[in-house]
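Student: One file: model_20.txt (compact mmCIF, C-alpha atoms).
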```txt
# COMPACT_ATOMS: atom_id res chain seq x y z
CA MET A 108 75.62 -58.40 -25.34
CA LYS A 109 74.12 -55.17 -26.60
CA LYS A 110 70.65 -56.74 -26.64
CA SER A 111 70.86 -58.06 -23.08
CA LEU A 112 72.04 -54.63 -21.89
CA LEU A 113 68.96 -53.04 -23.47
CA GLN A 114 66.68 -55.68 -21.93
CA PHE A 115 68.25 -55.09 -18.53
CA SER A 116 67.80 -51.32 -18.86
CA VAL A 117 64.14 -51.64 -19.83
CA CYS A 118 63.66 -53.93 -16.84
CA ILE A 119 65.25 -51.36 -14.45
CA LEU A 120 63.15 -48.58 -15.96
CA MET A 121 59.88 -50.47 -15.51
CA GLY A 122 60.90 -51.38 -11.98
CA VAL A 123 61.50 -47.75 -11.05
CA VAL A 124 58.24 -46.58 -12.64
CA LEU A 125 56.27 -49.22 -10.72
CA LEU A 126 58.17 -48.42 -7.52
CA LEU A 127 57.26 -44.74 -7.76
CA ALA A 128 53.72 -44.97 -9.15
CA GLY A 129 52.51 -48.29 -7.71
CA PRO A 130 52.18 -47.77 -3.95
CA ALA A 131 50.72 -44.27 -4.39
CA THR A 132 47.86 -45.63 -6.51
CA ALA A 133 47.34 -48.87 -4.58
CA GLY A 134 47.18 -47.21 -1.16
CA LYS A 135 44.90 -44.36 -2.23
CA ALA A 136 41.42 -45.89 -1.81
CA ALA A 137 42.16 -47.42 1.58
CA ASP A 138 43.79 -44.18 2.78
CA VAL A 139 40.80 -42.04 1.78
CA GLU A 140 38.46 -44.49 3.53
CA ALA A 141 40.50 -44.17 6.74
CA ASP A 142 40.58 -40.37 6.40
CA VAL A 143 36.81 -40.20 5.94
CA ALA A 144 36.32 -42.44 8.99
CA ALA A 145 38.63 -40.21 11.06
CA ILE A 146 36.70 -37.08 10.03
CA LYS A 147 33.37 -38.77 10.83
CA GLU A 148 34.84 -39.45 14.28
CA ILE A 149 35.55 -35.71 14.66
CA TRP A 150 31.87 -34.90 14.03
CA LYS A 151 30.86 -37.63 16.51
CA ASN A 152 33.12 -36.06 19.15
CA TYR A 153 31.98 -32.53 18.24
CA ARG A 154 28.41 -33.57 18.94
CA ALA A 155 29.33 -35.40 22.17
CA ALA A 156 31.35 -32.38 23.39
CA ALA A 157 28.47 -29.99 22.68
CA GLU A 158 25.86 -32.23 24.33
CA THR A 159 27.92 -32.90 27.48
CA GLY A 160 29.47 -29.41 27.68
CA ASN A 161 32.99 -30.90 27.46
CA SER A 162 34.95 -27.89 26.22
CA ASP A 163 38.33 -29.69 26.56
CA LEU A 164 37.14 -32.40 24.15
CA TRP A 165 35.71 -29.75 21.83
CA LEU A 166 38.95 -27.69 21.81
CA SER A 167 41.03 -30.86 21.20
CA LEU A 168 39.28 -31.26 17.83
CA TRP A 169 40.78 -27.97 16.59
CA ASP A 170 44.13 -27.31 14.89
CA GLU A 171 46.32 -24.90 16.93
CA ASN A 172 45.88 -22.36 14.09
CA GLY A 173 42.18 -23.09 13.68
CA ILE A 174 39.68 -20.31 12.97
CA GLN A 175 35.96 -20.56 13.79
CA MET A 176 33.56 -18.42 11.73
CA PRO A 177 30.25 -18.25 13.67
CA PRO A 178 27.33 -16.06 12.57
CA GLY A 179 26.82 -12.73 14.37
CA MET A 180 30.45 -12.15 15.36
CA PRO A 181 33.86 -11.83 13.66
CA ALA A 182 36.00 -14.94 13.04
CA ARG A 183 37.86 -16.13 16.14
CA GLY A 184 41.12 -18.08 16.35
CA LYS A 185 41.98 -21.02 18.62
CA GLN A 186 43.55 -18.76 21.28
CA VAL A 187 40.26 -16.86 21.61
CA LEU A 188 38.25 -20.10 21.56
CA LYS A 189 40.39 -21.49 24.43
CA GLU A 190 39.22 -18.59 26.62
CA ALA A 191 35.72 -17.97 25.35
CA VAL A 192 34.29 -21.48 24.97
CA PRO A 193 34.98 -22.91 28.48
CA LYS A 194 33.76 -19.60 29.97
CA GLY A 195 30.61 -19.57 27.82
CA TRP A 196 29.73 -23.22 28.34
CA SER A 197 30.27 -23.14 32.13
CA ALA A 198 28.04 -20.03 32.35
CA ARG A 199 25.05 -22.13 31.24
CA LYS A 200 22.30 -22.76 33.77
CA PRO A 201 23.02 -26.13 35.48
CA GLY A 202 20.76 -28.86 34.13
CA THR A 203 20.51 -27.29 30.68
CA LYS A 204 19.80 -30.04 28.15
CA ILE A 205 21.54 -29.85 24.76
CA THR A 206 20.79 -32.15 21.84
CA MET A 207 22.82 -31.91 18.66
CA ASN A 208 22.78 -33.69 15.30
CA ILE A 209 25.46 -33.30 12.64
CA ASN A 210 24.74 -34.63 9.16
CA ALA A 211 27.99 -34.56 7.14
CA GLU A 212 26.64 -34.78 3.57
CA GLU A 213 30.15 -34.46 2.14
CA ILE A 214 33.67 -35.38 3.22
CA THR A 215 36.21 -34.77 0.44
CA VAL A 216 39.94 -35.42 0.96
CA ALA A 217 42.72 -33.76 -1.11
CA GLY A 218 46.11 -34.85 0.21
CA ASP A 219 46.66 -33.26 3.62
CA TRP A 220 43.47 -31.21 3.32
CA ALA A 221 39.80 -32.10 3.46
CA TYR A 222 36.48 -30.32 3.52
CA SER A 223 33.15 -31.35 4.97
CA ARG A 224 29.74 -29.85 4.23
CA GLY A 225 26.42 -30.62 5.82
CA THR A 226 23.56 -29.60 8.03
CA TYR A 227 23.09 -29.62 11.79
CA THR A 228 20.40 -29.10 14.40
CA LYS A 229 20.86 -28.06 18.01
CA THR A 230 18.27 -27.68 20.74
CA THR A 231 19.06 -26.03 24.06
CA THR A 232 16.59 -26.35 26.94
CA PRO A 233 17.42 -24.69 30.28
CA PRO A 234 15.60 -26.28 33.27
CA GLY A 235 12.08 -24.87 33.31
CA GLY A 236 12.91 -22.65 30.33
CA GLN A 237 12.03 -22.34 26.64
CA THR A 238 13.76 -24.62 24.11
CA VAL A 239 15.91 -22.79 21.56
CA HIS A 240 16.16 -24.65 18.24
CA VAL A 241 18.90 -24.05 15.66
CA ASP A 242 18.59 -25.49 12.13
CA GLY A 243 21.82 -24.75 10.31
CA LYS A 244 24.46 -25.77 7.77
CA PHE A 245 28.26 -25.84 7.85
CA LEU A 246 31.33 -25.79 5.61
CA THR A 247 34.53 -26.96 7.29
CA ILE A 248 38.19 -27.27 6.26
CA LEU A 249 40.18 -29.98 8.02
CA LYS A 250 43.97 -30.33 8.07
CA ARG A 251 46.07 -33.45 8.49
CA GLN A 252 48.45 -33.16 11.45
CA PRO A 253 52.11 -34.27 11.46
CA ASP A 254 51.02 -37.43 13.38
CA GLY A 255 48.46 -38.28 10.66
CA SER A 256 45.35 -37.31 12.65
CA TRP A 257 42.85 -34.70 11.41
CA LYS A 258 41.85 -31.42 13.05
CA ILE A 259 39.33 -28.69 12.28
CA PHE A 260 41.13 -25.78 10.57
CA ARG A 261 38.31 -23.48 9.36
CA ASP A 262 34.61 -23.76 10.21
CA CYS A 263 31.88 -21.51 8.82
CA PHE A 264 28.20 -22.06 9.62
CA ASN A 265 24.86 -20.27 9.48
CA SER A 266 21.14 -20.71 9.95
CA ASN A 267 18.82 -22.32 7.39
CA VAL A 268 15.98 -20.04 8.52
CA PRO A 269 15.74 -16.23 8.66
CA PRO A 270 16.32 -14.62 12.10
CA GLY A 271 13.25 -14.00 14.22
CA MET B 134 81.78 -55.46 -18.48
CA LYS B 135 79.88 -56.11 -15.27
CA LYS B 136 80.98 -52.73 -13.88
CA SER B 137 79.90 -50.77 -16.96
CA LEU B 138 76.52 -52.51 -16.89
CA LEU B 139 76.06 -51.40 -13.27
CA GLN B 140 77.11 -47.83 -14.09
CA PHE B 141 74.71 -47.76 -17.01
CA SER B 142 71.87 -49.04 -14.82
CA VAL B 143 72.50 -46.44 -12.13
CA CYS B 144 72.50 -43.78 -14.84
CA ILE B 145 69.13 -44.97 -16.20
CA LEU B 146 67.71 -45.12 -12.69
CA MET B 147 68.74 -41.56 -11.84
CA GLY B 148 67.42 -40.35 -15.16
CA VAL B 149 64.01 -41.87 -14.53
CA VAL B 150 63.85 -40.53 -10.97
CA LEU B 151 64.68 -36.99 -12.18
CA LEU B 152 62.23 -37.33 -15.06
CA LEU B 153 59.37 -38.26 -12.71
CA ALA B 154 60.19 -36.06 -9.70
CA GLY B 155 61.89 -33.05 -11.32
CA PRO B 156 59.14 -31.25 -13.26
CA ALA B 157 56.56 -31.77 -10.50
CA THR B 158 58.79 -30.01 -7.96
CA ALA B 159 60.13 -27.32 -10.28
CA GLY B 160 56.72 -26.28 -11.60
CA LYS B 161 54.99 -26.22 -8.22
CA ALA B 162 55.71 -22.67 -7.01
CA ALA B 163 54.86 -21.07 -10.37
CA ASP B 164 51.67 -23.16 -10.67
CA VAL B 165 50.41 -22.13 -7.21
CA GLU B 166 51.12 -18.48 -8.03
CA ALA B 167 49.05 -18.78 -11.23
CA ASP B 168 46.26 -20.58 -9.33
CA VAL B 169 46.15 -17.86 -6.64
CA ALA B 170 46.04 -15.16 -9.35
CA ALA B 171 43.16 -16.99 -11.09
CA ILE B 172 41.20 -17.22 -7.83
CA LYS B 173 41.81 -13.51 -7.07
CA GLU B 174 40.35 -12.83 -10.52
CA ILE B 175 37.21 -14.78 -9.51
CA TRP B 176 36.73 -12.49 -6.50
CA LYS B 177 37.29 -9.43 -8.71
CA ASN B 178 34.59 -10.68 -11.11
CA TYR B 179 32.30 -11.66 -8.21
CA ARG B 180 32.45 -8.07 -6.96
CA ALA B 181 31.99 -6.59 -10.45
CA ALA B 182 29.01 -8.88 -11.11
CA ALA B 183 27.36 -7.91 -7.81
CA GLU B 184 27.96 -4.18 -8.31
CA THR B 185 26.70 -4.10 -11.91
CA GLY B 186 23.92 -6.68 -11.41
CA ASN B 187 25.46 -8.94 -14.09
CA SER B 188 23.96 -12.29 -13.11
CA ASP B 189 25.39 -14.05 -16.22
CA LEU B 190 28.92 -13.09 -15.15
CA TRP B 191 28.16 -14.12 -11.57
CA LEU B 192 26.74 -17.52 -12.61
CA SER B 193 29.75 -18.12 -14.92
CA LEU B 194 32.02 -18.12 -11.83
CA TRP B 195 30.27 -21.23 -10.46
CA ASP B 196 30.99 -24.93 -11.10
CA GLU B 197 28.00 -26.73 -12.66
CA ASN B 198 27.70 -28.71 -9.40
CA GLY B 199 28.27 -25.67 -7.21
CA ILE B 200 26.35 -25.17 -3.96
CA GLN B 201 25.82 -21.78 -2.33
CA MET B 202 25.23 -21.68 1.45
CA PRO B 203 23.72 -18.27 2.28
CA PRO B 204 22.48 -17.36 5.77
CA GLY B 205 18.74 -17.53 6.44
CA MET B 206 17.89 -20.18 3.84
CA PRO B 207 18.88 -23.78 2.99
CA ALA B 208 21.85 -24.45 0.67
CA ARG B 209 21.02 -24.03 -3.00
CA GLY B 210 22.64 -25.70 -6.03
CA LYS B 211 23.61 -24.13 -9.35
CA GLN B 212 20.31 -25.10 -11.03
CA VAL B 213 18.39 -23.14 -8.37
CA LEU B 214 20.86 -20.23 -8.58
CA LYS B 215 20.34 -20.06 -12.38
CA GLU B 216 16.64 -19.35 -11.79
CA ALA B 217 16.71 -17.40 -8.52
CA VAL B 218 19.63 -14.99 -9.00
CA PRO B 219 18.66 -13.37 -12.35
CA LYS B 220 15.05 -13.11 -11.08
CA GLY B 221 16.14 -11.60 -7.73
CA TRP B 222 18.63 -9.16 -9.20
CA SER B 223 16.30 -7.92 -11.94
CA ALA B 224 13.57 -7.33 -9.34
CA ARG B 225 15.70 -4.59 -7.74
CA LYS B 226 14.47 -1.00 -7.98
CA PRO B 227 16.13 0.59 -11.06
CA GLY B 228 18.98 2.90 -10.04
CA THR B 229 19.84 0.87 -6.92
CA LYS B 230 23.52 1.44 -6.11
CA ILE B 231 25.54 -1.55 -4.87
CA THR B 232 29.09 -1.33 -3.55
CA MET B 233 30.99 -4.48 -2.61
CA ASN B 234 34.43 -5.23 -1.21
CA ILE B 235 35.91 -8.72 -0.93
CA ASN B 236 39.03 -9.17 1.16
CA ALA B 237 40.42 -12.69 0.52
CA GLU B 238 42.68 -13.14 3.55
CA GLU B 239 43.53 -16.69 2.49
CA ILE B 240 43.82 -18.61 -0.77
CA THR B 241 45.21 -22.13 -0.25
CA VAL B 242 45.64 -24.56 -3.15
CA ALA B 243 45.79 -28.39 -2.76
CA GLY B 244 46.03 -30.02 -6.18
CA ASP B 245 42.73 -29.57 -8.01
CA TRP B 246 41.09 -28.04 -4.94
CA ALA B 247 41.48 -24.71 -3.19
CA TYR B 248 39.82 -22.78 -0.41
CA SER B 249 39.55 -19.09 0.23
CA ARG B 250 38.58 -17.35 3.47
CA GLY B 251 38.04 -13.67 4.11
CA THR B 252 35.68 -10.82 4.88
CA TYR B 253 33.37 -8.75 2.73
CA THR B 254 31.21 -5.67 2.90
CA LYS B 255 28.21 -4.81 0.74
CA THR B 256 26.07 -1.69 0.73
CA THR B 257 22.80 -1.50 -1.17
CA THR B 258 21.12 1.88 -1.68
CA PRO B 259 17.83 2.05 -3.60
CA PRO B 260 17.14 5.48 -5.14
CA GLY B 261 15.78 7.73 -2.37
CA GLY B 262 15.91 4.78 0.06
CA GLN B 263 17.84 3.69 3.12
CA THR B 264 21.31 2.12 2.69
CA VAL B 265 21.56 -1.50 3.85
CA HIS B 266 25.06 -2.41 5.01
CA VAL B 267 26.36 -5.99 5.29
CA ASP B 268 29.61 -6.75 7.14
CA GLY B 269 30.37 -10.44 6.68
CA LYS B 270 32.88 -13.24 6.25
CA PHE B 271 33.12 -16.18 3.84
CA LEU B 272 34.64 -19.65 3.45
CA THR B 273 34.75 -20.92 -0.14
CA ILE B 274 35.85 -24.15 -1.85
CA LEU B 275 37.04 -23.80 -5.45
CA LYS B 276 37.52 -26.63 -7.94
CA ARG B 277 39.88 -26.80 -10.89
CA GLN B 278 37.99 -27.46 -14.15
CA PRO B 279 39.09 -29.89 -16.90
CA ASP B 280 40.35 -26.86 -18.91
CA GLY B 281 42.51 -25.72 -15.96
CA SER B 282 40.34 -22.77 -14.92
CA TRP B 283 38.88 -22.44 -11.40
CA LYS B 284 35.21 -22.26 -10.38
CA ILE B 285 33.37 -21.75 -7.09
CA PHE B 286 32.24 -25.15 -5.75
CA ARG B 287 30.99 -24.43 -2.21
CA ASP B 288 30.45 -21.00 -0.63
CA CYS B 289 29.35 -20.40 2.97
CA PHE B 290 29.06 -16.91 4.44
CA ASN B 291 27.51 -15.08 7.38
CA SER B 292 27.35 -11.73 9.16
CA ASN B 293 30.03 -10.39 11.51
CA VAL B 294 27.34 -8.60 13.54
CA PRO B 295 24.23 -9.92 15.32
CA PRO B 296 20.90 -9.49 13.46
CA GLY B 297 18.90 -6.38 14.26
```
As a first step, turn the structure in this file into structure tokens.
Tutor:
Amino acid sequence: MKKSLLQFSVCILMGVVLLLAGPATAGKAADVEADVAAIKEIWKNYRAAAETGNSDLWLSLWDENGIQMPPGMPARGKQVLKEAVPKGWSARKPGTKITMNINAEEITVAGDWAYSRGTYTKTTTPPGGQTVHVDGKFLTILKRQPDGSWKIFRDCFNSNVPPG
Amino acid sequence: MKKSLLQFSVCILMGVVLLLAGPATAGKAADVEADVAAIKEIWKNYRAAAETGNSDLWLSLWDENGIQMPPGMPARGKQVLKEAVPKGWSARKPGTKITMNINAEEITVAGDWAYSRGTYTKTTTPPGGQTVHVDGKFLTILKRQPDGSWKIFRDCFNSNVPPG
């Protein structure tokens, strides 16, 4: 009887270890793949929002406590972005053509956090005006939301070429 | 006998659950505190290295696969930094006075990854020359090393004021 008790206990122990460790390991690769795909979708929407001037779409990509860190001005939180971005984008000359490319060289997920690093280009051409070309790079922190989706939490970027 | 077997099994089960879950939860707060302290120490050394022109100290703060993302030039990896930074710093006019302040407003740890966000100022005064003042912000990814220490992995920064 003593032997069968020991066997039973070892069986329970192994069961519990597998129960706790198994799903976490098994689900990991597939989860990360889905996370990376979701973050790629954010960059796709970021580009679409910038090109079409859709500030609602652009703002929807940001966490409510998000902070943007653009060059040439202090960091600005989501509340400031909600006011400044629609105003700024709608002040553009009608017919202005914007083309953007975002090349996310890295998307690294760590639990409920992720970062993305890459380069981007943006050209802005007002009707009959001179094209302004930006060649830059970015480092972005993304945060998983309670519903499982991802949002931009911190975003720092700058130019790859000296000013002038 | 059936009852005592059940009791014994429940006991084993609870023991295993506590064994696996307990230390991870209990050690968490203290670990994060130590991680934050270690990252604050990196910023302290970053500042000291910049002020004293100690490029060896500065380079030692970086992961071997680190990438710096300064404004006005493309991103540059640790191998490039190893050549460019000692050369650049030693080319300064002897007697140049550098003062730096780093204000890490955020240090957030997620497992073996962390990010830090904040502002910095840097003044450079060559002997008899004009003081150059930089007022900027930074977003930095740090990576835990196999020995448990932290190193800078990605670092993007830019100016809080427009060029000119």
Student: Please identify every residue of stretch 185-268 of chain B that has at least one atom no farther than 10 Å from an atom of stretch 230-247 of chain A, counting all atoms listed in the file, and for each give the shortest atom pair and the distance in Å to one decimal, arranged by chain then increasing number, as CSV.
Tutor:
```
residue,atom,partner,partner_atom,distance
B:Met202,CA,A:Lys244,CA,7.6
B:Pro203,CA,A:Lys244,CA,9.3
B:Pro204,CA,A:Gly243,CA,8.7
B:Gly205,CA,A:Gly243,CA,8.8
B:Met206,CA,A:Gly243,CA,8.8
B:Pro207,CA,A:Lys244,CA,7.6
B:Ala208,CA,A:Lys244,CA,7.7
```
Student: Using all atoms listed in the file, which residue out of A:Gly195, A:Gly255, A:Gly225, A:Gly173 lies closest to chain B?
Tutor: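 Residue with the minimum atom-to-atom distance to chain B: A:Gly225.
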Student: What lies within 10 Å of B:Glu238 using only C-alpha atoms, ignoring chain neighbours under 5 positions off, as a ChimeraX atom specification?
Tutor: /B:249-252
Student: For chain A, which residue out of B:Ile231, B:Cys289, B:Ala167, B:Val218 is the nearest one, using all atoms listed in the file?
Tutor: B:Cys289
Student: Which residues, written as a tab-separated table (two decimals) with C-alpha atoms, keeping the file's coordinate frame, have at least one atom at most 8 Å from stretch 240-245 of chain B, with all atoms listed in the file counted and residues fewer than 4 positions away on the same chain left out?
Tutor:
```tsv
chain	number	residue	atom	x	y	z
A	217	ALA	CA	42.72	-33.76	-1.11
A	218	GLY	CA	46.11	-34.85	0.21
A	220	TRP	CA	43.47	-31.21	3.32
B	165	VAL	CA	50.41	-22.13	-7.21
B	168	ASP	CA	46.26	-20.58	-9.33
B	169	VAL	CA	46.15	-17.86	-6.64
B	172	ILE	CA	41.20	-17.22	-7.83
B	249	SER	CA	39.55	-19.09	0.23
B	250	ARG	CA	38.58	-17.35	3.47
B	276	LYS	CA	37.52	-26.63	-7.94
B	277	ARG	CA	39.88	-26.80	-10.89
```
Student: Excluding same-chain residues fewer than 3 positions from A:Arg154, what lies within 6 Å of it counting all atoms listed in the file, as number ranges by chain?
Tutor: A: 151, 157, 207
Student: Using all atoms listed in the file, which of A:Gln252, A:Thr203, A:Gln186, A:Gln175 sits nearest chain B?
Tutor: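 Among the listed residues, A:Gln175 lies closest to chain B.
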Student: Compare B:Ile285, B:Ile200, B:Ile235, B:Ala217 by their minimum atom-to-atom distance to chain A, counting only C-alpha atoms, and give me the closest one.
Tutor: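 Closest to chain A, using only C-alpha atoms: B:Ile200.
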Student: Which polymer residues have any atom within 6 Å of an atom of B:Glu184, counting all atoms listed in the file, with same-chain residues fewer than 2 positions away left out, as a ChimeraX atom specification?
Tutor: /B:181-182,186,231-232
